[in-house]
Every structure is written in C-alpha cells, then in structure tokens.
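Engineer: Structure supplied as entry_30.txt; contents: compact mmCIF, C-alpha atoms.
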# COMPACT_ATOMS: atom_id res chain seq x y z
CA MET A 51 -38.60 -2.81 19.85
CA LEU A 52 -41.27 -1.53 17.47
CA LEU A 53 -38.84 0.96 15.92
CA VAL A 54 -36.31 -1.83 15.39
CA ASP A 55 -38.94 -3.98 13.72
CA VAL A 56 -39.94 -1.12 11.42
CA ILE A 57 -36.31 -0.52 10.40
CA VAL A 58 -35.82 -4.26 9.79
CA ALA A 59 -38.99 -4.39 7.71
CA ILE A 60 -37.82 -1.43 5.61
CA LEU A 61 -34.42 -3.03 5.02
CA LEU A 62 -35.91 -6.41 4.06
CA THR A 63 -38.48 -4.80 1.76
CA SER A 64 -35.94 -2.63 -0.05
CA GLY A 65 -33.64 -5.65 -0.38
CA MET A 66 -36.48 -7.65 -1.89
CA PHE A 67 -37.31 -4.73 -4.21
CA PHE A 68 -33.78 -4.74 -5.64
CA MET A 69 -33.81 -8.53 -6.04
CA PHE A 70 -37.15 -8.18 -7.84
CA VAL A 71 -35.75 -5.47 -10.14
CA GLY A 72 -32.81 -7.77 -10.90
CA ALA A 73 -35.21 -10.52 -11.93
CA ILE A 74 -37.22 -8.11 -14.14
CA GLY A 75 -34.00 -6.88 -15.71
CA LEU A 76 -33.00 -10.46 -16.46
CA LEU A 77 -36.23 -10.86 -18.41
CA ARG A 78 -36.43 -7.44 -20.10
CA LEU A 79 -32.87 -6.51 -21.12
CA PRO A 80 -31.82 -7.41 -24.66
CA ASP A 81 -28.60 -9.43 -24.43
CA PHE A 82 -26.17 -11.37 -22.27
CA TYR A 83 -23.98 -8.46 -21.13
CA THR A 84 -26.81 -6.10 -20.23
CA ARG A 85 -28.62 -8.88 -18.34
CA LEU A 86 -25.52 -9.35 -16.21
CA HIS A 87 -25.67 -5.64 -15.29
CA ALA A 88 -29.10 -6.22 -13.75
CA THR A 89 -28.41 -9.50 -11.97
CA GLY A 90 -24.93 -8.61 -10.78
CA LYS A 91 -25.57 -5.23 -9.20
CA CYS A 92 -29.10 -5.75 -7.91
CA ASP A 93 -28.34 -9.13 -6.34
CA THR A 94 -25.32 -7.73 -4.52
CA LEU A 95 -27.18 -4.81 -2.93
CA GLY A 96 -30.39 -6.78 -2.41
CA GLU A 97 -28.66 -9.57 -0.52
CA GLY A 98 -26.60 -6.99 1.40
CA LEU A 99 -29.71 -5.10 2.56
CA ILE A 100 -31.54 -8.30 3.54
CA ILE A 101 -28.57 -9.53 5.60
CA VAL A 102 -28.17 -6.12 7.29
CA GLY A 103 -31.83 -6.37 8.26
CA LEU A 104 -31.25 -9.84 9.69
CA ILE A 105 -28.22 -8.60 11.64
CA ILE A 106 -30.21 -5.79 13.28
CA TYR A 107 -33.12 -8.15 14.05
CA HIS A 108 -30.82 -10.73 15.64
CA LEU A 109 -28.87 -8.12 17.59
CA PHE A 110 -32.00 -6.78 19.31
CA HIS A 111 -34.12 -9.92 19.68
CA TYR A 112 -31.37 -12.46 20.52
CA PRO A 113 -28.57 -10.47 22.20
CA GLY A 114 -27.21 -13.65 23.82
CA THR A 115 -25.55 -14.96 20.63
CA PRO A 116 -23.48 -12.14 19.13
CA LEU A 117 -21.34 -14.57 17.09
CA VAL A 118 -24.25 -15.13 14.70
CA THR A 119 -24.20 -11.45 13.74
CA VAL A 120 -20.46 -11.67 13.07
CA LYS A 121 -21.07 -14.65 10.80
CA LEU A 122 -23.75 -12.72 8.92
CA LEU A 123 -21.31 -9.82 8.58
CA PHE A 124 -18.78 -12.22 7.01
CA LEU A 125 -21.50 -13.33 4.58
CA ILE A 126 -21.93 -9.74 3.39
CA ILE A 127 -18.18 -9.27 2.93
CA PHE A 128 -17.84 -12.50 0.94
CA ILE A 129 -20.87 -11.73 -1.23
CA PHE A 130 -19.46 -8.28 -2.03
CA ILE A 131 -16.12 -9.81 -3.07
CA ALA A 132 -17.36 -12.98 -4.79
CA ASN A 133 -20.28 -11.51 -6.75
CA PRO A 134 -18.37 -8.99 -8.92
CA THR A 135 -15.55 -11.49 -9.39
CA ALA A 136 -17.97 -14.14 -10.67
CA ILE A 137 -19.65 -11.63 -13.02
CA HIS A 138 -16.24 -10.63 -14.34
CA ALA A 139 -15.33 -14.30 -14.96
CA ILE A 140 -18.59 -14.97 -16.85
CA VAL A 141 -18.29 -11.78 -18.95
CA LYS A 142 -14.65 -12.48 -19.76
CA ALA A 143 -15.52 -16.02 -20.93
CA ALA A 144 -18.29 -14.66 -23.18
CA TYR A 145 -16.06 -11.91 -24.61
CA ARG A 146 -13.20 -14.35 -25.33
CA ARG A 147 -15.70 -16.65 -27.05
CA GLY A 148 -16.50 -13.75 -29.41
CA LEU A 149 -20.02 -12.82 -28.32
CA LYS A 150 -20.70 -9.35 -29.75
CA PRO A 151 -22.33 -6.80 -27.41
CA TRP A 152 -25.83 -5.65 -28.33
CA LYS A 153 -26.11 -2.23 -30.00
CA TRP A 154 -29.00 0.23 -29.90
CA GLY A 155 -31.66 -0.65 -32.49
CA GLU A 156 -30.90 -4.34 -32.84
CA GLY A 157 -33.46 -6.99 -31.97
CA ARG A 158 -33.49 -9.00 -28.77
CA ARG A 159 -31.21 -11.99 -28.45
CA MET B 121 10.63 -12.62 -1.36
CA ASN B 122 13.32 -13.06 1.29
CA GLY B 123 13.16 -15.19 4.44
CA GLY B 124 11.98 -12.51 6.87
CA GLU B 125 9.11 -11.39 4.70
CA LYS B 126 8.06 -14.99 4.13
CA GLY B 127 7.99 -15.62 7.87
CA PHE B 128 5.94 -12.44 8.37
CA GLY B 129 3.46 -13.62 5.73
CA ILE B 130 3.13 -17.05 7.35
CA ILE B 131 2.54 -15.59 10.83
CA VAL B 132 -0.04 -13.06 9.62
CA THR B 133 -1.91 -15.69 7.57
CA PHE B 134 -1.96 -18.12 10.50
CA CYS B 135 -3.28 -15.47 12.89
CA ILE B 136 -6.06 -14.43 10.50
CA MET B 137 -7.05 -18.07 9.85
CA PHE B 138 -7.08 -18.92 13.56
CA LEU B 139 -9.12 -15.83 14.43
CA PHE B 140 -11.57 -16.74 11.68
CA TRP B 141 -11.86 -20.28 13.11
CA LEU B 142 -12.56 -18.92 16.60
CA ILE B 143 -15.31 -16.61 15.34
CA LEU B 144 -16.98 -19.31 13.25
CA SER B 145 -16.78 -22.10 15.85
CA GLY B 146 -17.70 -20.18 19.00
CA PHE B 147 -16.29 -22.97 21.23
CA PHE B 148 -13.20 -22.24 23.31
CA ASP B 149 -12.37 -25.66 24.84
CA ALA B 150 -9.10 -27.50 24.24
CA PHE B 151 -10.42 -29.85 21.53
CA HIS B 152 -11.76 -27.09 19.30
CA LEU B 153 -8.70 -24.86 19.84
CA ILE B 154 -6.27 -27.66 18.88
CA THR B 155 -8.34 -28.73 15.85
CA GLY B 156 -8.52 -25.09 14.76
CA GLY B 157 -4.78 -24.69 15.17
CA ILE B 158 -4.08 -27.75 13.00
CA CYS B 159 -6.54 -26.65 10.29
CA SER B 160 -5.13 -23.08 10.27
CA ALA B 161 -1.61 -24.50 9.96
CA ILE B 162 -2.60 -26.64 6.94
CA VAL B 163 -4.31 -23.69 5.22
CA THR B 164 -1.31 -21.47 5.98
CA LEU B 165 1.09 -24.04 4.49
CA ILE B 166 -0.89 -24.21 1.26
CA SER B 167 -1.82 -20.55 0.75
CA HIS B 168 0.42 -18.18 2.75
CA GLY B 169 1.75 -16.71 -0.52
CA LEU B 170 -1.74 -15.64 -1.62
CA LEU B 171 -2.79 -13.40 1.26
CA VAL B 172 0.44 -11.57 2.08
CA ARG B 173 2.75 -10.99 -0.88
CA GLY B 174 6.09 -10.16 0.71
CA LYS B 175 5.54 -6.40 0.56
CA SER B 176 5.18 -5.75 4.27
CA GLN B 177 5.80 -2.00 4.02
CA LYS B 178 2.89 0.39 4.58
CA VAL B 179 0.31 -2.40 4.88
CA LEU B 180 -1.36 -0.64 7.80
CA LEU B 181 -1.64 2.69 5.98
CA LYS B 182 -3.07 0.97 2.89
CA SER B 183 -5.59 -0.96 5.00
CA LEU B 184 -6.68 2.27 6.68
CA ARG B 185 -7.14 4.01 3.32
CA LEU B 186 -9.05 0.95 2.05
CA LEU B 187 -11.39 1.22 5.06
CA LEU B 188 -12.03 4.87 4.16
CA TYR B 189 -12.62 3.91 0.52
CA VAL B 190 -15.28 1.28 1.34
CA PRO B 191 -18.09 3.70 2.49
CA TRP B 192 -17.71 5.76 -0.69
CA GLN B 193 -17.86 2.54 -2.68
CA LEU B 194 -21.02 1.42 -0.83
CA TRP B 195 -22.69 4.72 -1.72
CA GLN B 196 -21.70 4.18 -5.36
CA ILE B 197 -23.30 0.71 -5.22
CA VAL B 198 -26.58 2.23 -4.00
CA LEU B 199 -26.44 4.78 -6.85
CA ALA B 200 -25.72 1.96 -9.31
CA ASN B 201 -28.75 0.00 -8.17
CA VAL B 202 -31.11 2.97 -8.35
CA ASP B 203 -29.78 3.69 -11.84
CA VAL B 204 -30.22 0.10 -13.04
CA ALA B 205 -33.67 -0.08 -11.43
CA TYR B 206 -34.67 3.13 -13.28
CA ARG B 207 -33.43 1.82 -16.62
CA VAL B 208 -35.00 -1.61 -16.19
CA LEU B 209 -38.40 -0.37 -15.04
CA HIS B 210 -38.61 2.52 -17.56
CA PRO B 211 -41.09 1.52 -20.32
CA LYS B 212 -38.65 2.43 -23.14
CA MET B 213 -35.49 1.08 -21.43
CA PRO B 214 -33.05 3.97 -22.10
CA ILE B 215 -29.89 1.92 -22.70
CA ASP B 216 -27.19 2.25 -25.36
CA PRO B 217 -24.42 -0.24 -24.52
CA LEU B 218 -20.83 0.25 -25.65
CA VAL B 219 -17.40 -1.20 -24.89
CA ILE B 220 -14.64 1.21 -23.83
CA GLU B 221 -10.99 0.73 -22.98
CA PHE B 222 -8.64 2.87 -20.89
CA GLU B 223 -5.23 2.64 -19.27
CA THR B 224 -4.50 3.26 -15.60
CA SER B 225 -1.35 3.63 -13.53
CA LEU B 226 -2.21 0.59 -11.40
CA ARG B 227 0.16 -2.42 -11.44
CA GLY B 228 -0.26 -4.34 -8.16
CA ASP B 229 -2.57 -7.40 -8.20
CA PHE B 230 -4.66 -6.23 -5.26
CA ALA B 231 -5.10 -2.74 -6.71
CA LEU B 232 -6.11 -4.13 -10.11
CA VAL B 233 -8.67 -6.49 -8.55
CA THR B 234 -10.08 -3.73 -6.34
CA LEU B 235 -10.62 -1.39 -9.28
CA ALA B 236 -12.06 -4.22 -11.43
CA ASN B 237 -14.60 -5.21 -8.75
CA SER B 238 -15.40 -1.55 -8.04
CA ILE B 239 -16.12 -0.96 -11.72
CA THR B 240 -18.43 -3.98 -11.83
CA LEU B 241 -20.37 -2.80 -8.79
CA THR B 242 -20.76 0.87 -9.76
CA PRO B 243 -23.29 2.51 -12.10
CA GLY B 244 -23.76 0.79 -15.45
CA THR B 245 -20.31 -0.71 -15.96
CA ILE B 246 -18.82 -4.23 -15.96
CA THR B 247 -15.14 -5.09 -16.27
CA ILE B 248 -14.65 -7.43 -19.23
CA PHE B 249 -10.91 -7.81 -19.36
CA VAL B 250 -7.79 -6.57 -17.57
CA GLU B 251 -4.25 -6.45 -18.91
CA PRO B 252 -2.01 -6.27 -15.81
CA GLU B 253 1.21 -5.23 -17.62
CA LYS B 254 -0.23 -1.92 -18.87
CA GLY B 255 -2.99 -1.55 -16.27
CA LYS B 256 -5.44 -1.58 -19.18
CA TYR B 257 -9.19 -2.18 -18.70
CA TRP B 258 -11.90 -3.21 -21.14
CA VAL B 259 -15.27 -2.14 -19.74
CA HIS B 260 -18.83 -2.78 -20.91
CA ALA B 261 -20.98 0.28 -20.19
CA LEU B 262 -24.77 0.38 -20.21
CA ALA B 263 -24.97 3.95 -21.56
CA LYS B 264 -22.70 6.82 -22.64
CA GLU B 265 -22.80 8.71 -19.34
CA HIS B 266 -21.44 5.64 -17.53
CA ALA B 267 -18.51 5.41 -19.95
CA HIS B 268 -17.93 9.13 -19.40
CA ALA B 269 -17.26 8.52 -15.68
CA HIS B 270 -14.22 6.37 -16.51
CA LEU B 271 -12.87 8.09 -19.64
CA VAL B 272 -13.12 11.74 -18.52
CA ASP B 273 -13.96 11.99 -14.84
CA LYS B 274 -11.67 9.20 -13.48
CA THR B 275 -12.65 9.76 -9.83
CA MET B 276 -12.65 6.05 -9.03
CA GLN B 277 -9.27 5.41 -10.64
CA ARG B 278 -7.71 8.26 -8.69
CA LYS B 279 -9.25 7.00 -5.44
CA VAL B 280 -7.97 3.44 -5.94
CA ALA B 281 -4.54 4.72 -6.95
CA TYR B 282 -4.50 6.82 -3.77
CA VAL B 283 -5.47 3.83 -1.61
CA PHE B 284 -2.69 1.62 -3.00
CA MET B 285 -0.19 4.45 -3.60
CA GLU B 286 0.32 3.57 -7.28
CA TRP B 287 0.21 6.56 -9.59
Output the file's structure as structure tokens, nothing else.
Structural biologist:
Amino acid sequence: MLLVDVIVAILLTSGMFFMFVGAIGLLRLPDFYTRLHATGKCDTLGEGLIIVGLIIYHLFHYPGTPLVTVKLLFLIIFIFIANPTAIHAIVKAAYRRGLKPWKWGEGRR
Amino acid sequence: MNGGEKGFGIIVTFCIMFLFWLILSGFFDAFHLITGGICSAIVTLISHGLLVRGKSQKVLLKSLRLLLYVPWQLWQIVLANVDVAYRVLHPKMPIDPLVIEFETSLRGDFALVTLANSITLTPGTITIFVEPEKGKYWVHALAKEHAHAHLVDKTMQRKVAYVFMEW
C-alpha cells in the first residue's frame, strides 16, 4: 500500500508541476500563439498525469467499484482529443482575424 | 454510401453507444437497459454518419495500427512538455516563433484530424490551418528546431500515413 501511495504522490506532484509550468508560461510568454503552446500542452499532460494517479489510487484503495476507474479513463481520452482540437479552433480564429505572430526581438503584447 | 455500408455504420454506432451507456450507468436492471437502448437509438439516428463513414474495409487493421501509434504519441507529449517547461522556466526564454507550411499525402478526414491533433500535442508546434484538398498544413512553431521536425524529418507524417494507409 505504501508503494502505491508513493507512486500516486509522484504522479499527482508531476501533474501539478506541469499545470504550474503552464500557468507560468501563460504569464511569461510574449504573445497569444506562444501562450497557447504553454497552456495547451502542459494542461493536457498535467491533467492526464493527475487522473492516472487517481485511477491507481482508486484501483488499490476501493477495488469494489471498478467502473469509476473506467470513467476516469474515458476522461483522459476525451481530454486528449478535445484539448488539441480546442487549441486548434482558437488559433485558427486568431489567424483568420489577422493577428500577426510575435517575432524575436519585438516587445511583449 | 450504399445500403449495406449504411446499415453496418448504424449497427456499429449503436453498439458503441450502448456499451458506453452501460459503462457509465453501472446499473443492469430492465429500466436502465431500456432507457439506454432508447437513448442510444436516438443518438445513432442523429449521428451514425459521423462515426463510421461507409468505408468498412480494413477498419480493424487501421484501429490496430492506431493503437500502436498512441504510445509513441504519448512519449512525444512527454517530450513536448519537458521542452516547453525548459523554455518557459529558462531566464532568457529561448524562443523564436515562426509559421511554416507543408503538404502531406493525407486526404481522409480522420487522418487529417489525427495529424493535426498530434502536431498540436508534440514539441513546440500548433496546427493553425488545414487545407483538406491538398493535405496542406499551416503550423506555428516555437523555435526553428521544432519546424525542422516537420519540414525535413517528417517522422510523424510518415507514421500517420502508415496508420491510415494514405501515402
């Protein structure tokens, strides 16, 4: 049980680390497109790692309700499909609108 | 789409929807089964053309190849996150964004979407725009080495083309 808890803790912490990096990237990066790089990728992996941690925790501490783990698994699949699609939709809207990507040496926007 | 393929699509969609209902509900008494059946039938009526597009040939082989593609893709996502984390946390932020465009041999909707989402999730690149007729992609890259992966290396494009047998 202790080993399971350690693995779960590692997964949750690394997931939180990537979410945190995504938030820092949102604040530090210079323009709209680059900010989406940070939020899009880091949120996807961060949420994925956190949910994997929850799955393992549930599987070992509450083995009587396996359907919950299947539902969590579906959450991961849908996040991994929906997240990049949503980013693509936002970026496409911005590009159509004529927002120019930031180039090296320009000021922050 | 002829009649047989349409029937195949309807049956497959209904089975998937009903299985999904069973997993989410977790109750197996008559009331929940009948309600689930009715709901699955309604969803199937509205959207059977979306999930299965007539082409019933080689679906199993493609699904198998897709399953083999997913672990590689997951590893790429981990690499992408470490890369973005490095660039974001680095005091000088070593980024030099640029927009690139390239053509691929992909034509099918599912293949195009898979590559577009894969590009968005892998190191330093986001799909801006896709032109389905030519299989052309506009991609925003965070730095030159990320653009290099798609213009010169083309590993991901070849893998997706292999999965969907479109080259």
Engineer: With all atoms listed in the file as the basis for distance, which of B:Ala281, B:Ile136, B:Leu184, B:Ile248 is at the shortest distance from chain A?
Structural biologist: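 Nearest to chain A: B:Ile248.
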Engineer: I'd like the interatomic distance between atom CA of Ile60 of chain A and atom CA of Ile105 of chain A, to a tenth of an Å.
Structural biologist: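 Distance between the two atoms: 13.4 Å.
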Engineer: If I take atom CA of Leu262 of chain B and atom CA of Phe82 of chain A, how far is one from the other in Å, to one decimal?
Structural biologist: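 Between these atoms lies a distance of 12.0 Å.
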Engineer: Can you work out which one of A:Leu53, A:Phe68, A:Asp81, A:Ile137 has the shortest atom-to-atom distance to Leu149 of chain A, counting only C-alpha atoms?
Structural biologist: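 That would be A:Asp81, the residue with the smallest distance to Leu149 of chain A.
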Engineer: Enumerate, in order of chain and increasing residue number, the residues of chain B with an atom no farther than 8 Å from chain A, each with its shortest atom pair and distance in Å to one decimal, counting only C-alpha atoms, as CSV.
Structural biologist:
residue,atom,partner,partner_atom,distance
B:Ile143,CA,A:Leu117,CA,6.6
B:Leu144,CA,A:Lys121,CA,6.7
B:Gly146,CA,A:Leu117,CA,7.0
B:Ile197,CA,A:Leu95,CA,7.1
B:Val198,CA,A:Leu95,CA,7.1
B:Ala200,CA,A:Lys91,CA,7.2
B:Asn201,CA,A:Cys92,CA,5.8
B:Val204,CA,A:Ala88,CA,6.5
B:Ala205,CA,A:Val71,CA,5.9
B:Val208,CA,A:Gly75,CA,5.4
B:Leu209,CA,A:Val71,CA,7.6
B:Ile215,CA,A:Trp154,CA,7.4
B:Asp216,CA,A:Trp154,CA,5.3
B:Pro217,CA,A:Lys153,CA,6.1
B:Leu218,CA,A:Lys153,CA,7.3
B:Val219,CA,A:Pro151,CA,7.9
B:Asn237,CA,A:Pro134,CA,5.3
B:Thr240,CA,A:Pro134,CA,5.8
B:Leu241,CA,A:Lys91,CA,5.8
B:Thr242,CA,A:Lys91,CA,7.8
B:Gly244,CA,A:His87,CA,6.7
B:Thr245,CA,A:His87,CA,7.3
B:Ile246,CA,A:His87,CA,7.0
B:Thr247,CA,A:His138,CA,6.0
B:Ile248,CA,A:Lys142,CA,5.1
B:Phe249,CA,A:Lys142,CA,6.0
B:His260,CA,A:Tyr83,CA,7.7
B:Leu262,CA,A:Thr84,CA,6.8
Engineer: How big is the axis-aligned box around the listed atoms of segment 118-124 of chain A once 4 Å is added on each side, and where is its centre? Give both in Å to one decimal, as lines of an AutoDock Vina configuration file.
Structural biologist:
center_x = -21.5
center_y = -12.5
center_z = 10.9
size_x = 13.5
size_y = 13.3
size_z = 15.7
Engineer: How many Å separate atom CA of Ile57 of chain A from atom CA of Leu123 of chain A?
Structural biologist: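 According to the coordinates, atom CA of Ile57 of chain A and atom CA of Leu123 of chain A are separated by 17.7 Å.
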Engineer: What's the 7 Å shell around segment 161-166 of chain B, counting only C-alpha atoms, without same-chain residues fewer than 5 positions away, as a VMD selection string?
Structural biologist: chain B and resid 130 133 to 134
Engineer: So which residues touch Met51 of chain A within 12 Å, counting only C-alpha atoms, skipping near sequence neighbours fewer than 5 positions away, as a list in words?
Structural biologist: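 Skipping anything fewer than 5 positions along the chain leaves Val56, Ile57, Val58, Ile106, Tyr107, His108, Leu109, Phe110 and His111 of chain A.
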Engineer: May I have the residues within 10 Å of Arg185 of chain B as an MDAnalysis selection string, using all atoms listed in the file and disregarding those fewer than 2 positions away in the same chain?
Structural biologist: chainID B and resid 179:183 187:190 279:280 282:285
Engineer: Please, which residues are within 12 Å of (-13.2, 7.4, -15.5) by the file's coordinates, counting all atoms listed in the file, and could they come as a count of residues only?
Structural biologist: 31
Engineer: Tell me which of B:Val250, B:Ala236, B:Ser145, B:Leu194 sits closest to Ile127 of chain A, counting all atoms listed in the file.
Structural biologist: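 With all atoms listed in the file as the atom set, the closest residue is B:Leu194.
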Engineer: Put segment 74-86 of chain A into a file with N, CA, C and O atoms, as a JSON list (two decimals), in the first residue's frame.
Structural biologist:
[["chain", "number", "residue", "atom", "x", "y", "z"],
["A", 74, "ILE", "N", 2.75, 29.51, -15.48],
["A", 74, "ILE", "CA", 3.88, 30.44, -15.60],
["A", 74, "ILE", "C", 4.07, 30.85, -17.05],
["A", 74, "ILE", "O", 4.27, 32.02, -17.37],
["A", 75, "GLY", "N", 3.95, 29.86, -17.95],
["A", 75, "GLY", "CA", 4.10, 30.17, -19.37],
["A", 75, "GLY", "C", 3.06, 31.16, -19.84],
["A", 75, "GLY", "O", 3.34, 32.07, -20.62],
["A", 76, "LEU", "N", 1.84, 31.01, -19.34],
["A", 76, "LEU", "CA", 0.76, 31.93, -19.69],
["A", 76, "LEU", "C", 1.14, 33.36, -19.31],
["A", 76, "LEU", "O", 0.83, 34.32, -20.02],
["A", 77, "LEU", "N", 1.84, 33.50, -18.19],
["A", 77, "LEU", "CA", 2.22, 34.84, -17.74],
["A", 77, "LEU", "C", 3.47, 35.36, -18.43],
["A", 77, "LEU", "O", 3.58, 36.54, -18.71],
["A", 78, "ARG", "N", 4.44, 34.47, -18.73],
["A", 78, "ARG", "CA", 5.75, 34.94, -19.20],
["A", 78, "ARG", "C", 5.85, 35.09, -20.71],
["A", 78, "ARG", "O", 6.54, 35.98, -21.19],
["A", 79, "LEU", "N", 5.20, 34.21, -21.48],
["A", 79, "LEU", "CA", 5.42, 34.20, -22.93],
["A", 79, "LEU", "C", 4.85, 35.46, -23.58],
["A", 79, "LEU", "O", 3.91, 36.07, -23.06],
["A", 80, "PRO", "N", 5.43, 35.86, -24.73],
["A", 80, "PRO", "CA", 5.16, 37.21, -25.23],
["A", 80, "PRO", "C", 3.83, 37.42, -25.96],
["A", 80, "PRO", "O", 3.33, 38.52, -25.95],
["A", 81, "ASP", "N", 3.27, 36.44, -26.64],
["A", 81, "ASP", "CA", 2.05, 36.75, -27.39],
["A", 81, "ASP", "C", 1.05, 35.60, -27.36],
["A", 81, "ASP", "O", 1.30, 34.54, -26.78],
["A", 82, "PHE", "N", -0.08, 35.81, -28.00],
["A", 82, "PHE", "CA", -1.20, 34.89, -27.97],
["A", 82, "PHE", "C", -0.82, 33.47, -28.38],
["A", 82, "PHE", "O", -1.11, 32.51, -27.66],
["A", 83, "TYR", "N", -0.13, 33.33, -29.52],
["A", 83, "TYR", "CA", 0.18, 31.98, -30.03],
["A", 83, "TYR", "C", 1.12, 31.23, -29.09],
["A", 83, "TYR", "O", 0.89, 30.05, -28.76],
["A", 84, "THR", "N", 2.18, 31.90, -28.64],
["A", 84, "THR", "CA", 3.14, 31.22, -27.78],
["A", 84, "THR", "C", 2.50, 30.85, -26.43],
["A", 84, "THR", "O", 2.82, 29.83, -25.85],
["A", 85, "ARG", "N", 1.58, 31.71, -25.94],
["A", 85, "ARG", "CA", 0.91, 31.38, -24.68],
["A", 85, "ARG", "C", 0.09, 30.10, -24.83],
["A", 85, "ARG", "O", 0.02, 29.28, -23.92],
["A", 86, "LEU", "N", -0.52, 29.94, -26.02],
["A", 86, "LEU", "CA", -1.31, 28.72, -26.22],
["A", 86, "LEU", "C", -0.42, 27.47, -26.22],
["A", 86, "LEU", "O", -0.87, 26.40, -25.84]]
